[in-house]
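For reference, coords36.tsv is printed below; it contains TSV, C-alpha atoms.
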```tsv
chain	number	residue	atom	x	y	z
A	1	MET	CA	-190.65	87.06	0.71
A	2	ALA	CA	-189.58	86.00	4.17
A	3	ILE	CA	-186.70	83.57	4.47
A	4	ILE	CA	-187.33	80.87	7.00
A	5	SER	CA	-184.07	79.90	8.57
A	6	LYS	CA	-183.43	76.32	9.58
A	7	PRO	CA	-183.50	76.00	13.36
A	8	THR	CA	-180.10	75.51	14.91
A	9	ARG	CA	-179.59	72.04	16.28
A	10	ILE	CA	-178.17	71.96	19.75
A	11	SER	CA	-176.02	68.88	20.09
A	12	ASN	CA	-175.85	66.80	23.22
A	13	PRO	CA	-172.37	67.51	24.62
A	14	LEU	CA	-171.97	63.79	25.30
A	15	ALA	CA	-172.73	63.02	21.65
A	16	VAL	CA	-170.51	65.69	20.11
A	17	ALA	CA	-168.67	63.06	18.04
A	18	GLY	CA	-171.90	62.60	16.08
A	19	ASN	CA	-171.17	65.92	14.34
A	20	PHE	CA	-168.18	64.32	12.62
A	21	GLN	CA	-168.04	61.74	9.87
A	22	PRO	CA	-165.93	58.58	10.09
A	23	ASN	CA	-162.42	59.41	8.92
A	24	PRO	CA	-160.36	56.75	7.11
A	25	ASN	CA	-157.13	58.56	8.00
A	26	ILE	CA	-157.93	58.26	11.70
A	27	ASP	CA	-158.74	54.57	11.18
A	28	ARG	CA	-155.41	54.15	9.43
A	29	LEU	CA	-153.52	56.01	12.17
A	30	VAL	CA	-155.15	53.89	14.90
A	31	LYS	CA	-154.26	50.72	12.99
A	32	PHE	CA	-150.69	52.00	12.59
A	33	LEU	CA	-150.26	52.85	16.28
A	34	ASN	CA	-151.87	49.60	17.43
A	35	THR	CA	-148.85	47.71	16.12
A	36	VAL	CA	-145.59	47.48	18.07
A	37	PRO	CA	-143.50	48.51	15.01
A	38	GLY	CA	-145.78	51.50	14.40
A	39	THR	CA	-145.53	52.68	18.00
A	40	ASP	CA	-141.77	52.08	17.99
A	41	LYS	CA	-141.27	54.23	14.88
A	42	ILE	CA	-143.10	57.19	16.44
A	43	LEU	CA	-141.16	56.81	19.70
A	44	MET	CA	-137.94	56.53	17.72
A	45	PHE	CA	-138.65	59.88	16.07
A	46	ILE	CA	-139.33	61.46	19.47
A	47	GLN	CA	-136.15	59.94	20.93
A	48	TYR	CA	-133.81	61.19	18.20
A	49	PHE	CA	-135.47	64.48	17.24
A	50	SER	CA	-135.41	65.45	20.92
A	51	LYS	CA	-131.60	65.34	20.75
A	52	ILE	CA	-131.71	68.05	18.09
A	53	VAL	CA	-134.08	70.11	20.24
A	54	ILE	CA	-131.88	69.62	23.32
A	55	TRP	CA	-128.80	70.71	21.36
A	56	PHE	CA	-130.65	73.83	20.15
A	57	PHE	CA	-131.87	74.79	23.64
A	58	ASN	CA	-128.41	74.31	25.12
A	59	ARG	CA	-126.88	76.47	22.36
A	60	THR	CA	-129.41	79.26	23.03
A	61	GLY	CA	-128.92	79.25	26.79
A	62	LYS	CA	-132.20	77.53	27.63
A	63	GLU	CA	-130.75	74.73	29.75
A	64	SER	CA	-133.91	74.26	31.81
A	65	LEU	CA	-135.95	73.54	28.67
A	66	ALA	CA	-133.21	71.21	27.43
A	67	GLN	CA	-133.39	69.28	30.70
A	68	ARG	CA	-137.15	68.94	30.39
A	69	ILE	CA	-136.80	67.44	26.91
A	70	THR	CA	-134.09	65.14	28.27
A	71	ASN	CA	-136.52	64.01	30.98
A	72	LEU	CA	-138.91	63.00	28.18
A	73	SER	CA	-136.30	61.43	25.90
A	74	ASN	CA	-134.75	59.09	28.50
A	75	PRO	CA	-137.91	57.08	29.35
A	76	VAL	CA	-138.84	56.96	25.65
A	77	SER	CA	-135.48	55.35	24.88
A	78	ASP	CA	-135.93	52.98	27.82
A	79	PHE	CA	-139.39	51.95	26.66
A	80	ARG	CA	-138.16	51.22	23.13
A	81	ILE	CA	-135.59	48.79	24.55
A	82	LEU	CA	-138.34	47.11	26.56
A	83	LEU	CA	-140.40	46.71	23.37
A	84	ARG	CA	-137.47	44.79	21.87
A	85	PHE	CA	-137.43	42.24	24.69
A	86	TYR	CA	-139.62	39.94	22.63
A	87	GLY	CA	-137.62	40.64	19.45
A	88	LEU	CA	-136.23	37.12	19.21
A	89	LEU	CA	-139.70	35.66	18.60
A	90	PRO	CA	-140.42	37.42	15.27
A	91	LEU	CA	-136.77	36.84	14.35
A	92	ILE	CA	-137.17	33.07	14.83
A	93	GLN	CA	-140.43	33.27	12.86
A	94	TRP	CA	-138.58	35.03	10.02
A	95	MET	CA	-135.73	32.49	10.09
A	96	ILE	CA	-138.22	29.67	9.64
A	97	HIS	CA	-140.03	31.58	6.89
A	98	ILE	CA	-136.97	32.17	4.69
A	99	GLU	CA	-135.97	28.50	4.88
A	100	HIS	CA	-139.40	27.46	3.58
A	101	HIS	CA	-139.78	30.49	1.26
A	102	PRO	CA	-136.21	31.44	0.29
A	103	PRO	CA	-135.32	34.67	-1.56
A	104	VAL	CA	-134.96	34.64	-5.32
A	105	THR	CA	-131.19	34.04	-5.25
A	106	PRO	CA	-128.98	31.82	-3.06
A	107	LEU	CA	-126.76	34.83	-2.29
A	108	LEU	CA	-129.67	36.75	-0.77
A	109	LEU	CA	-130.52	33.69	1.31
A	110	HIS	CA	-126.96	33.48	2.65
A	111	ILE	CA	-126.92	37.20	3.46
A	112	GLU	CA	-130.21	36.95	5.34
A	113	ARG	CA	-128.98	33.93	7.27
A	114	ILE	CA	-125.89	35.86	8.39
A	115	GLN	CA	-128.04	38.87	9.27
A	116	ASN	CA	-130.30	36.68	11.37
A	117	PHE	CA	-127.26	35.26	13.15
A	118	THR	CA	-126.04	38.78	14.02
A	119	MET	CA	-129.47	39.59	15.48
A	120	ILE	CA	-129.50	36.38	17.53
A	121	LEU	CA	-126.35	37.70	19.19
A	122	TYR	CA	-127.50	41.33	19.34
A	123	TYR	CA	-130.83	40.90	21.15
A	124	PRO	CA	-129.67	38.87	24.20
A	125	LEU	CA	-126.66	41.14	24.71
A	126	GLU	CA	-128.87	44.23	24.64
A	127	HIS	CA	-131.29	42.60	27.09
A	128	ILE	CA	-128.44	41.76	29.46
A	129	TRP	CA	-127.06	45.30	29.15
A	130	TRP	CA	-130.46	46.83	29.97
A	131	LEU	CA	-131.04	44.56	32.97
A	132	ALA	CA	-127.55	45.31	34.33
A	133	TYR	CA	-127.85	49.04	33.64
A	134	HIS	CA	-131.01	49.14	35.77
A	135	LYS	CA	-129.35	47.07	38.53
A	136	ILE	CA	-131.72	44.14	38.00
A	137	ILE	CA	-128.75	41.83	37.53
A	138	ASP	CA	-125.27	42.41	38.95
A	139	ILE	CA	-122.52	43.05	36.40
A	140	THR	CA	-119.41	45.21	36.77
A	141	ASP	CA	-119.33	48.52	34.90
A	142	THR	CA	-116.41	47.39	32.75
A	143	ARG	CA	-118.21	44.25	31.65
A	144	LEU	CA	-121.44	46.19	31.16
A	145	ASN	CA	-119.68	48.56	28.78
A	146	LYS	CA	-118.20	45.68	26.76
A	147	ILE	CA	-121.60	43.98	26.47
A	148	GLY	CA	-123.15	47.21	25.17
A	149	ILE	CA	-120.37	47.73	22.63
A	150	TRP	CA	-120.50	44.16	21.31
A	151	SER	CA	-124.28	44.20	20.96
A	152	CYS	CA	-123.96	47.31	18.77
A	153	ARG	CA	-121.15	45.73	16.75
A	154	PHE	CA	-123.46	42.89	15.78
A	155	TRP	CA	-126.12	45.47	14.87
A	156	ALA	CA	-123.54	47.35	12.77
A	157	ALA	CA	-122.71	44.11	10.96
A	158	TYR	CA	-126.41	43.71	10.12
A	159	VAL	CA	-126.57	47.26	8.73
A	160	ILE	CA	-123.47	46.77	6.55
A	161	LEU	CA	-124.88	43.50	5.18
A	162	GLN	CA	-128.16	45.27	4.47
A	163	PHE	CA	-126.43	47.62	2.01
A	164	TRP	CA	-125.23	44.54	0.11
A	165	HIS	CA	-128.72	43.03	0.27
A	166	LEU	CA	-130.33	46.21	-1.11
A	167	ALA	CA	-127.77	46.50	-3.92
A	168	ILE	CA	-128.57	42.97	-5.09
A	169	GLU	CA	-132.30	43.68	-4.94
A	170	TRP	CA	-131.83	46.84	-7.00
A	171	LYS	CA	-130.02	44.91	-9.74
A	172	LEU	CA	-132.81	42.32	-9.80
A	173	TYR	CA	-135.47	45.01	-10.24
A	174	LYS	CA	-133.47	46.62	-13.04
A	175	ARG	CA	-133.31	43.25	-14.79
A	176	GLN	CA	-137.07	42.83	-14.39
A	177	SER	CA	-137.62	46.29	-15.88
A	178	ARG	CA	-135.57	45.36	-18.96
A	179	ASN	CA	-137.49	42.12	-19.35
A	180	ILE	CA	-140.83	43.94	-19.25
A	181	ILE	CA	-139.71	46.32	-22.01
A	182	LYS	CA	-138.97	43.29	-24.20
A	183	LYS	CA	-142.52	41.98	-23.78
A	184	VAL	CA	-144.52	42.71	-26.92
A	185	ASP	CA	-147.44	40.30	-26.91
A	186	GLY	CA	-148.02	40.18	-23.16
A	187	ASP	CA	-151.28	41.06	-21.46
A	188	GLU	CA	-151.39	44.86	-20.94
A	189	ASP	CA	-153.08	44.68	-17.54
A	190	GLU	CA	-150.52	42.15	-16.33
A	191	ILE	CA	-147.65	44.28	-17.64
A	192	ARG	CA	-149.02	47.37	-15.85
A	193	LYS	CA	-149.35	45.33	-12.68
A	194	GLU	CA	-145.73	44.18	-12.94
A	195	LYS	CA	-144.55	47.75	-13.56
A	196	ARG	CA	-146.39	48.98	-10.47
A	197	ALA	CA	-144.84	46.19	-8.40
A	198	ILE	CA	-141.35	47.04	-9.70
A	199	LYS	CA	-141.88	50.75	-9.02
A	200	ALA	CA	-143.07	50.03	-5.46
A	201	GLY	CA	-140.12	47.70	-4.91
A	202	ARG	CA	-137.59	50.28	-6.10
A	203	GLU	CA	-139.17	53.00	-3.94
A	204	ARG	CA	-138.93	50.65	-0.95
A	205	ILE	CA	-135.24	50.02	-1.68
A	206	ILE	CA	-134.55	53.77	-1.81
A	207	ARG	CA	-136.32	54.28	1.53
A	208	ASP	CA	-134.49	51.35	3.13
A	209	THR	CA	-131.16	52.67	1.82
A	210	ILE	CA	-131.80	56.08	3.42
A	211	VAL	CA	-132.79	54.32	6.67
A	212	ASN	CA	-129.53	52.37	6.52
A	213	ILE	CA	-127.56	55.56	5.88
A	214	GLY	CA	-129.12	56.89	9.08
A	215	TYR	CA	-128.31	53.77	11.07
A	216	LEU	CA	-124.70	53.26	9.91
A	217	PRO	CA	-123.03	56.15	11.80
A	218	LEU	CA	-125.09	55.38	14.91
A	219	THR	CA	-124.10	51.73	15.03
A	220	MET	CA	-120.47	52.56	14.29
A	221	HIS	CA	-120.50	55.23	17.02
A	222	TRP	CA	-121.89	52.84	19.64
A	223	SER	CA	-119.49	50.10	18.51
A	224	ILE	CA	-116.40	52.17	19.30
A	225	GLU	CA	-115.26	52.70	22.85
A	226	ASN	CA	-114.92	56.42	23.73
A	227	SER	CA	-116.29	57.48	20.35
A	228	SER	CA	-116.14	61.25	19.70
A	229	PHE	CA	-119.24	61.28	17.47
A	230	PRO	CA	-121.38	64.22	18.71
A	231	ASP	CA	-124.84	63.74	20.20
A	232	ILE	CA	-126.31	66.18	17.67
A	233	GLY	CA	-125.06	63.81	14.95
A	234	VAL	CA	-126.87	60.95	16.66
A	235	GLY	CA	-130.00	63.09	16.64
A	236	ILE	CA	-129.73	64.02	12.96
A	237	PHE	CA	-129.02	60.52	11.62
A	238	GLY	CA	-131.50	58.89	14.00
A	239	THR	CA	-134.22	61.33	12.94
A	240	LEU	CA	-133.44	60.60	9.28
A	241	ALA	CA	-133.82	56.85	9.84
A	242	SER	CA	-137.01	57.26	11.88
A	243	VAL	CA	-138.74	59.54	9.34
A	244	TYR	CA	-138.19	57.17	6.43
A	245	GLN	CA	-139.21	54.19	8.51
A	246	ILE	CA	-142.44	55.98	9.42
A	247	ILE	CA	-143.08	56.74	5.74
A	248	GLY	CA	-142.58	53.10	4.77
A	249	ALA	CA	-144.66	51.75	7.64
A	250	TRP	CA	-147.45	54.27	6.98
A	251	ARG	CA	-147.66	53.29	3.29
A	252	THR	CA	-148.01	49.63	4.19
A	253	ALA	CA	-150.43	50.19	7.08
A	254	ASN	CA	-153.46	49.16	5.00
A	255	GLU	CA	-151.83	46.23	3.22
```
Could you render the structure as structure tokens?
Amino acid sequence: MAIISKPTRISNPLAVAGNFQPNPNIDRLVKFLNTVPGTDKILMFIQYFSKIVIWFFNRTGKESLAQRITNLSNPVSDFRILLRFYGLLPLIQWMIHIEHHPPVTPLLLHIERIQNFTMILYYPLEHIWWLAYHKIIDITDTRLNKIGIWSCRFWAAYVILQFWHLAIEWKLYKRQSRNIIKKVDGDEDEIRKEKRAIKAGRERIIRDTIVNIGYLPLTMHWSIENSSFPDIGVGIFGTLASVYQIIGAWRTANE
């Protein structure tokens, strides 16, 4: 019995995408990259991981390749600072939000207020530093250096306060977990929903803690004049912070 083969379909080269099915992961990635925070996280990874690559190439005698990666890293870093030029707007939005929808404890509210204050000081100083560094405004090198250091000191203060904030949140979730165990006659679906929320919250705290561990040595390094912290260290801790920020942002991309 002869087997009749199905004729091969020749696709129109201009309609080649028709051979593929819609992919939810691509949709999710596009949604992720269409946000400023999503784009910033990817650029942050490139900026800091490139320092590791540069260190490796320099150690193996491939200086020309190291210079090429440096030529990529510098504009990426520059662009990330430009993205933060509007950073005060969402900060003001957040300040208004927490006053109308305060955290669950007064202490958390006070911590967030202080953190917001440090960022109000950090952003303008960084903007001034960037404008002066690119000779858009005229500031002496000595003053420029002081402005850069003080902007990072306010950022370091935010990071230190964030450890306190996360520790308080962790204790609150542990208390909620104990309270759920004590529930005997509660609705099972509601209890499962609360457990999932607590689990997600604790996972978020762990991620944020690792991000903060990555940020702490960087902010301390940039807050100290003539710091001896090596550039490879900046690359390692910056990459750590960027990876866990990407994981968190990716998981919430569809929320």
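CA of Tyr244 (chain A) is found 6.1 Å from CA of Val211 (chain A).
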Name the residues in contact with Ile232 (chain A) at a cut-off of 10 Å, using only C-alpha atoms, excluding same-chain residues fewer than 3 positions from it; report them as a list in words.
-> Tyr48, Phe49, Ser50, Lys51, Ile52, Val53, Ile54, Trp55, Phe56, Phe229, Gly235, Ile236, Phe237 and Gly238 of chain A
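Residues with any atom within 12 Å of region 197-204 of chain A, counting all atoms listed in the file and excluding same-chain neighbours fewer than 5 positions away, are Leu166, Ala167, Ile168, Glu169, Trp170, Lys171, Leu172, Tyr173, Lys174, Arg175, Gln176, Ser177, Arg178, Asn179, Ile180, Glu190, Ile191, Arg192, Thr209, Ile210, Val211, Tyr244, Gln245, Ile247, Gly248, Ala249, Arg251 and Thr252 of chain A.
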Give one line per residue of region 73-108 of chain A that approaches region 37-45 of chain A to at most 10 Å, naming the two atoms of the closest pair and their distance in Å to one decimal, counting only C-alpha atoms; sort by chain then ascending residue number and deliver it as a tab-separated table.
```
residue	atom	partner	partner_atom	distance
A:Ser73	CA	A:Leu43	CA	9.1
A:Val76	CA	A:Leu43	CA	6.4
A:Ser77	CA	A:Met44	CA	7.7
A:Phe79	CA	A:Leu43	CA	8.7
A:Arg80	CA	A:Asp40	CA	6.3
A:Ile81	CA	A:Asp40	CA	9.6
A:Leu83	CA	A:Asp40	CA	7.7
A:Arg84	CA	A:Asp40	CA	9.3
```
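CA of Leu218 (chain A) lies 9.9 Å from CA of Asp231 (chain A).
Counting from CA of Thr142 (chain A), the distance to CA of Phe85 (chain A) is 23.1 Å.
Proximity of A:Leu144, A:Ile137, A:Ile149, A:Ile246 to Leu29 (chain A), computed with all atoms listed in the file, is greatest for A:Ile246.
Minimum atom-to-atom distances from A:Thr105, A:Thr70, A:Asn116, A:Ala15 to Pro90 (chain A) were compared using only C-alpha atoms, and the lowest value belongs to A:Asn116.
When only C-alpha atoms are used to compute distances to Phe154 (chain A), the closest of the residues A:Ile114, A:Trp129, A:Asp189, A:His101 turns out to be A:Ile114.
Remark: for Tyr122 (chain A), the closest of the candidate residues A:Gly148, A:Pro217, A:Pro102, A:Pro75 is A:Gly148 (distances computed over all atoms listed in the file).
When all atoms listed in the file are used to compute distances to Thr219 (chain A), the closest of the residues A:Ala156, A:Ala241, A:Leu161, A:Ile206 turns out to be A:Ala156.
Around the coordinate (-129.0, 34.2, 16.0), residues that reach within 12 Å when counting all atoms listed in the file are Gly87, Leu88, Leu89, Pro90, Leu91, Ile92, Gln93, Trp94, Met95, Glu112, Arg113, Ile114, Gln115, Asn116, Phe117, Thr118, Met119, Ile120, Leu121, Tyr122, Tyr123, Pro124, Leu125, Phe154, Trp155 and Tyr158 of chain A.
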